[in-house]
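Structure, as structure tokens:
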Amino acid sequence: MGRKEGPNVVGFFRFLLLLFAAHETMATEERAYRNAYATMLYMGTPRDYEFYVATRVMLRSLTGLGVEADLIVIASLDVPLRWVRVLEQEDGAKVLRVQNLNNPYQDQSNFDRRFKLTLNKLYAWSLVDYDRVVMLDADNLFLQKSDELFQCGQFCAVFINPCIFHTGLFVLQPSMEVFNDMKKELKRGRENPDGADQGFICGYYPDLLDRPMFHPPPNGTKLDGTFRLPLGYQMDATYYYLRLRWSVPCGPNSVITFPGAPWLKPWYWWSWPVLPLGISWHEQRRQTLGYVEEIPAVLIQFATYLGIIVMTRLARPNFSKLCYRRSENHISLIQAGLKVIAVWSIVASYIVPFFIIPHTLHPLPAWTLYLFGSFALCSIAINAFLLPMVPVLVPWFGIFGSLLVMAFPWYSDGVVRALAIFGYAFCAAPFVWIAIVKVMASLQVSLEREAFFPRLGESSPPPGFNKLY
């Protein structure tokens, strides 16, 4: 009997394992979604990494909202495999690797090179495993779950321009027939005013302006046909800057888009407080993705700036011995050269920190690091040329004050905010001018000091010695 019980027990456990596996398979099939949110990612622009970060934040925010749909990234073949793995394993996206579609409009006079590969967006129509796809640009900021969009028809988009719909968000029904027809139209050279996806898709659906507004059926059924989407699904950030609040009456206020200048996208640290909505995007990133990748660069820069402040302060007594002059004939030339060096060193102190801060860092630590870095670099000029500290740092105080004025949260509307910024700049300008005059006067006095340029008879360098280090 004992010999027969062993195999029976083993068989029983095998049956349980098979039953468990079957249950998991059925659960997975039940979780298979018929709809998808999709975006695209390609290489070849100066801002590839920034758009990669923006894509990840948008995917994480959709997951956080509990959307009932798959997340798709249409990635060109040259997207780094490391990025692809992160998108799949950490962000829960399905990555579709595609060959870049040839853009036949590259020779147009008004063609913008940054839109060369945006026609990859047409691959959304090839996602035939799904009933509906919401195609997104990476600069969309979701405020609430918007799964009702999957009830829209074969094509739906928002008119943020009175006559031209925006392709930053649109709903489509995948169809290989439509996809292949679009590729034929590309080869045929269909008219495209901007040479990008915007112009092509607008030309492919020229009658959308005359179509009815989309209202999701309460019973959850999918509509047929083409529809205009309410403006609340693509709230242009520029609308917000006029009143500093959202007041879009038609449809839910669900999605913010940032279609402006590329250097003012919300993920750049300098976008706030210049543009008030920048902090909203960064708060969403802080809650979803975090800033782990930027922390090492921030710590290195902070330590470097701190070292500069300490070293320049300790070396100040020796800076007066930087130069020796060979003869009186050359003193004016040397002074002119040193004036140029001093002025450019001060200017560089305010420019260099701006460009070396990680572009996608949160604005609060980024502006703190910028102010600390510009102060550290200004200390080099202050101590090297024996300049008064306050006049050199007047622009520093001016920048800090402008940040406070722009970040003030209680303006009644955007016009009042703009007038406040203009008023601050008008009042600060005389102080900046006085500081410049004071710095130049102090620089001239410093260069004429015997301590700064000791005479040959009072110093011990070899004859003909001329050094600057």
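Residue numbers start at 1 in each chain; chains themselves are named A, B, ... in the order of the structure tokens; ligands are numbered from 1 in the order shown.
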Using only C-alpha atoms, determine which residues lie at most 6 Å from range 69-77 of chain A, disregarding the query and same-chain residues fewer than 5 positions distant; provide the list as a PDB file with N, CA and C atoms, in the first residue's frame.
```pdb
ATOM      1  N   TYR A  33      -6.769  43.289 -23.194  1.00  0.00           N
ATOM      2  CA  TYR A  33      -7.606  44.427 -23.537  1.00  0.00           C
ATOM      3  C   TYR A  33      -7.806  44.511 -25.042  1.00  0.00           C
ATOM      4  N   ASN A  35      -8.523  47.484 -26.407  1.00  0.00           N
ATOM      5  CA  ASN A  35      -8.191  48.869 -26.753  1.00  0.00           C
ATOM      6  C   ASN A  35      -6.783  49.183 -26.268  1.00  0.00           C
ATOM      7  N   ALA A  36      -6.209  50.278 -26.768  1.00  0.00           N
ATOM      8  CA  ALA A  36      -4.829  50.605 -26.401  1.00  0.00           C
ATOM      9  C   ALA A  36      -4.591  52.107 -26.483  1.00  0.00           C
ATOM     10  N   TYR A  37      -3.732  52.585 -25.584  1.00  0.00           N
ATOM     11  CA  TYR A  37      -3.125  53.913 -25.705  1.00  0.00           C
ATOM     12  C   TYR A  37      -1.759  53.704 -26.354  1.00  0.00           C
ATOM     13  N   ALA A  38      -1.469  54.480 -27.380  1.00  0.00           N
ATOM     14  CA  ALA A  38      -0.210  54.301 -28.108  1.00  0.00           C
ATOM     15  C   ALA A  38       0.516  55.629 -28.240  1.00  0.00           C
ATOM     16  N   THR A  39       1.819  55.550 -28.277  1.00  0.00           N
ATOM     17  CA  THR A  39       2.668  56.711 -28.547  1.00  0.00           C
ATOM     18  C   THR A  39       3.837  56.230 -29.386  1.00  0.00           C
ATOM     19  N   MET A  40       4.679  57.129 -29.839  1.00  0.00           N
ATOM     20  CA  MET A  40       5.806  56.721 -30.673  1.00  0.00           C
ATOM     21  C   MET A  40       7.099  57.300 -30.126  1.00  0.00           C
ATOM     22  N   LEU A  41       8.194  56.627 -30.470  1.00  0.00           N
ATOM     23  CA  LEU A  41       9.520  57.024 -30.019  1.00  0.00           C
ATOM     24  C   LEU A  41      10.502  56.741 -31.141  1.00  0.00           C
ATOM     25  N   TYR A  42      11.262  57.737 -31.509  1.00  0.00           N
ATOM     26  CA  TYR A  42      12.251  57.567 -32.573  1.00  0.00           C
ATOM     27  C   TYR A  42      13.502  58.358 -32.226  1.00  0.00           C
ATOM     28  N   ALA A  93       4.798  48.570 -20.852  1.00  0.00           N
ATOM     29  CA  ALA A  93       4.362  48.848 -22.216  1.00  0.00           C
ATOM     30  C   ALA A  93       4.710  47.692 -23.147  1.00  0.00           C
ATOM     31  N   LYS A  94       3.972  47.591 -24.227  1.00  0.00           N
ATOM     32  CA  LYS A  94       4.313  46.683 -25.313  1.00  0.00           C
ATOM     33  C   LYS A  94       4.989  47.512 -26.399  1.00  0.00           C
ATOM     34  N   VAL A  95       6.190  47.141 -26.766  1.00  0.00           N
ATOM     35  CA  VAL A  95       6.968  47.927 -27.728  1.00  0.00           C
ATOM     36  C   VAL A  95       6.892  47.276 -29.097  1.00  0.00           C
ATOM     37  N   LEU A  96       6.465  48.046 -30.072  1.00  0.00           N
ATOM     38  CA  LEU A  96       6.411  47.593 -31.463  1.00  0.00           C
ATOM     39  C   LEU A  96       7.572  48.233 -32.214  1.00  0.00           C
ATOM     40  N   ARG A  97       8.552  47.404 -32.621  1.00  0.00           N
ATOM     41  CA  ARG A  97       9.714  47.927 -33.350  1.00  0.00           C
ATOM     42  C   ARG A  97       9.351  48.056 -34.832  1.00  0.00           C
ATOM     43  N   VAL A  98       9.596  49.229 -35.407  1.00  0.00           N
ATOM     44  CA  VAL A  98       9.192  49.486 -36.788  1.00  0.00           C
ATOM     45  C   VAL A  98      10.334  50.133 -37.566  1.00  0.00           C
ATOM     46  N   GLN A  99      10.271  49.958 -38.875  1.00  0.00           N
ATOM     47  CA  GLN A  99      11.184  50.658 -39.783  1.00  0.00           C
ATOM     48  C   GLN A  99      10.639  52.071 -40.011  1.00  0.00           C
ATOM     49  N   ASN A 100      11.534  53.061 -39.960  1.00  0.00           N
ATOM     50  CA  ASN A 100      11.092  54.435 -40.162  1.00  0.00           C
ATOM     51  C   ASN A 100      10.449  54.592 -41.540  1.00  0.00           C
TER      52      ASN A 100
END
```
- Query: DSSP on the backbone: what in range 19-264 of chain A comes out strand (DSSP E), as a ChimeraX atom specification?
  - Reply: /A:35-41,70-76,94-98,132-136,140-142,155-158,166-172,226-229,235-236,255-257
- With only C-alpha atoms as the basis for distance, which of A:Ser271, A:Gln151, A:Ser374, A:Thr55 is at the shortest distance from Gly220 in chain A? A:Gln151
- Note on the structure: Between A:Leu371, A:Tyr411, A:Ala384, A:Val340, smallest distance to Trp396 in chain A by only C-alpha atoms belongs to A:Leu371
- Which one is closest to Pro388 in chain A: A:Cys163, A:Ile421, A:Leu361, A:Val445? Count only C-alpha atoms.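 The shortest atom-to-atom distance to Pro388 in chain A comes from A:Val445.
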With a cut-off of 12 Å, could you pull out the residues of range 102-144 of chain A touching range 278-289 of chain A and give me the nearest pair of atoms for each, distance in Å to one decimal, using only C-alpha atoms, ordered by chain and ascending number, as a tab-separated table?
```
residue	atom	partner	partner_atom	distance
A:Ala138	CA	A:Trp281	CA	11.5
A:Asp139	CA	A:Trp281	CA	9.1
A:Asn140	CA	A:Trp281	CA	9.2
A:Leu141	CA	A:Trp281	CA	6.7
A:Phe142	CA	A:Gln284	CA	9.4
A:Leu143	CA	A:Gln284	CA	9.8
```
Write out the residues from the selection above, keeping all heavy atoms, as a PDB file, in the first residue's frame.
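File written: again-v3.pdb
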```
ATOM      1  N   ALA A 138       4.017  62.603 -26.698  1.00  0.00           N
ATOM      2  CA  ALA A 138       4.594  62.432 -25.370  1.00  0.00           C
ATOM      3  C   ALA A 138       4.350  63.625 -24.455  1.00  0.00           C
ATOM      4  O   ALA A 138       4.550  63.517 -23.238  1.00  0.00           O
ATOM      5  CB  ALA A 138       6.101  62.174 -25.487  1.00  0.00           C
ATOM      6  N   ASP A 139       3.929  64.758 -25.005  1.00  0.00           N
ATOM      7  CA  ASP A 139       3.758  65.949 -24.163  1.00  0.00           C
ATOM      8  C   ASP A 139       2.327  66.106 -23.659  1.00  0.00           C
ATOM      9  O   ASP A 139       1.905  67.215 -23.315  1.00  0.00           O
ATOM     10  CB  ASP A 139       4.183  67.210 -24.923  1.00  0.00           C
ATOM     11  CG  ASP A 139       3.388  67.431 -26.198  1.00  0.00           C
ATOM     12  OD1 ASP A 139       2.581  66.553 -26.549  1.00  0.00           O
ATOM     13  OD2 ASP A 139       3.591  68.476 -26.848  1.00  0.00           O
ATOM     14  N   ASN A 140       1.570  65.012 -23.602  1.00  0.00           N
ATOM     15  CA  ASN A 140       0.231  65.053 -23.021  1.00  0.00           C
ATOM     16  C   ASN A 140       0.298  64.821 -21.518  1.00  0.00           C
ATOM     17  O   ASN A 140       1.031  63.949 -21.045  1.00  0.00           O
ATOM     18  CB  ASN A 140      -0.673  63.993 -23.658  1.00  0.00           C
ATOM     19  CG  ASN A 140      -1.182  64.406 -25.034  1.00  0.00           C
ATOM     20  OD1 ASN A 140      -1.906  65.386 -25.157  1.00  0.00           O
ATOM     21  ND2 ASN A 140      -0.786  63.677 -26.062  1.00  0.00           N
ATOM     22  N   LEU A 141      -0.462  65.602 -20.795  1.00  0.00           N
ATOM     23  CA  LEU A 141      -0.540  65.481 -19.340  1.00  0.00           C
ATOM     24  C   LEU A 141      -1.981  65.120 -18.971  1.00  0.00           C
ATOM     25  O   LEU A 141      -2.894  65.944 -19.094  1.00  0.00           O
ATOM     26  CB  LEU A 141      -0.127  66.798 -18.671  1.00  0.00           C
ATOM     27  CG  LEU A 141      -0.154  66.848 -17.149  1.00  0.00           C
ATOM     28  CD1 LEU A 141       0.870  65.880 -16.557  1.00  0.00           C
ATOM     29  CD2 LEU A 141       0.124  68.267 -16.651  1.00  0.00           C
ATOM     30  N   PHE A 142      -2.186  63.866 -18.539  1.00  0.00           N
ATOM     31  CA  PHE A 142      -3.534  63.398 -18.215  1.00  0.00           C
ATOM     32  C   PHE A 142      -3.923  63.821 -16.799  1.00  0.00           C
ATOM     33  O   PHE A 142      -3.193  63.580 -15.841  1.00  0.00           O
ATOM     34  CB  PHE A 142      -3.609  61.874 -18.337  1.00  0.00           C
ATOM     35  CG  PHE A 142      -3.812  61.387 -19.746  1.00  0.00           C
ATOM     36  CD1 PHE A 142      -2.758  61.346 -20.645  1.00  0.00           C
ATOM     37  CD2 PHE A 142      -5.065  60.989 -20.171  1.00  0.00           C
ATOM     38  CE1 PHE A 142      -2.947  60.913 -21.939  1.00  0.00           C
ATOM     39  CE2 PHE A 142      -5.269  60.553 -21.471  1.00  0.00           C
ATOM     40  CZ  PHE A 142      -4.202  60.513 -22.364  1.00  0.00           C
ATOM     41  N   LEU A 143      -5.092  64.420 -16.696  1.00  0.00           N
ATOM     42  CA  LEU A 143      -5.620  64.836 -15.408  1.00  0.00           C
ATOM     43  C   LEU A 143      -6.593  63.811 -14.832  1.00  0.00           C
ATOM     44  O   LEU A 143      -6.805  63.772 -13.622  1.00  0.00           O
ATOM     45  CB  LEU A 143      -6.324  66.193 -15.538  1.00  0.00           C
ATOM     46  CG  LEU A 143      -5.482  67.339 -16.102  1.00  0.00           C
ATOM     47  CD1 LEU A 143      -6.318  68.613 -16.163  1.00  0.00           C
ATOM     48  CD2 LEU A 143      -4.226  67.562 -15.263  1.00  0.00           C
TER      49      LEU A 143
END
```
- Excluding Asn120 in chain A and any residue of its chain fewer than 2 positions from it, enumerate the residues within 7 Å of it, using only C-alpha atoms, and give them as a PyMOL selection string. chain A and resi 100-101+117-118+122-123
- Query: Which is closer to Met406 in chain A than all the others in A:Val292, A:Val274, A:Cys156, A:Ala381, using only C-alpha atoms?
  - Reply: A:Val274
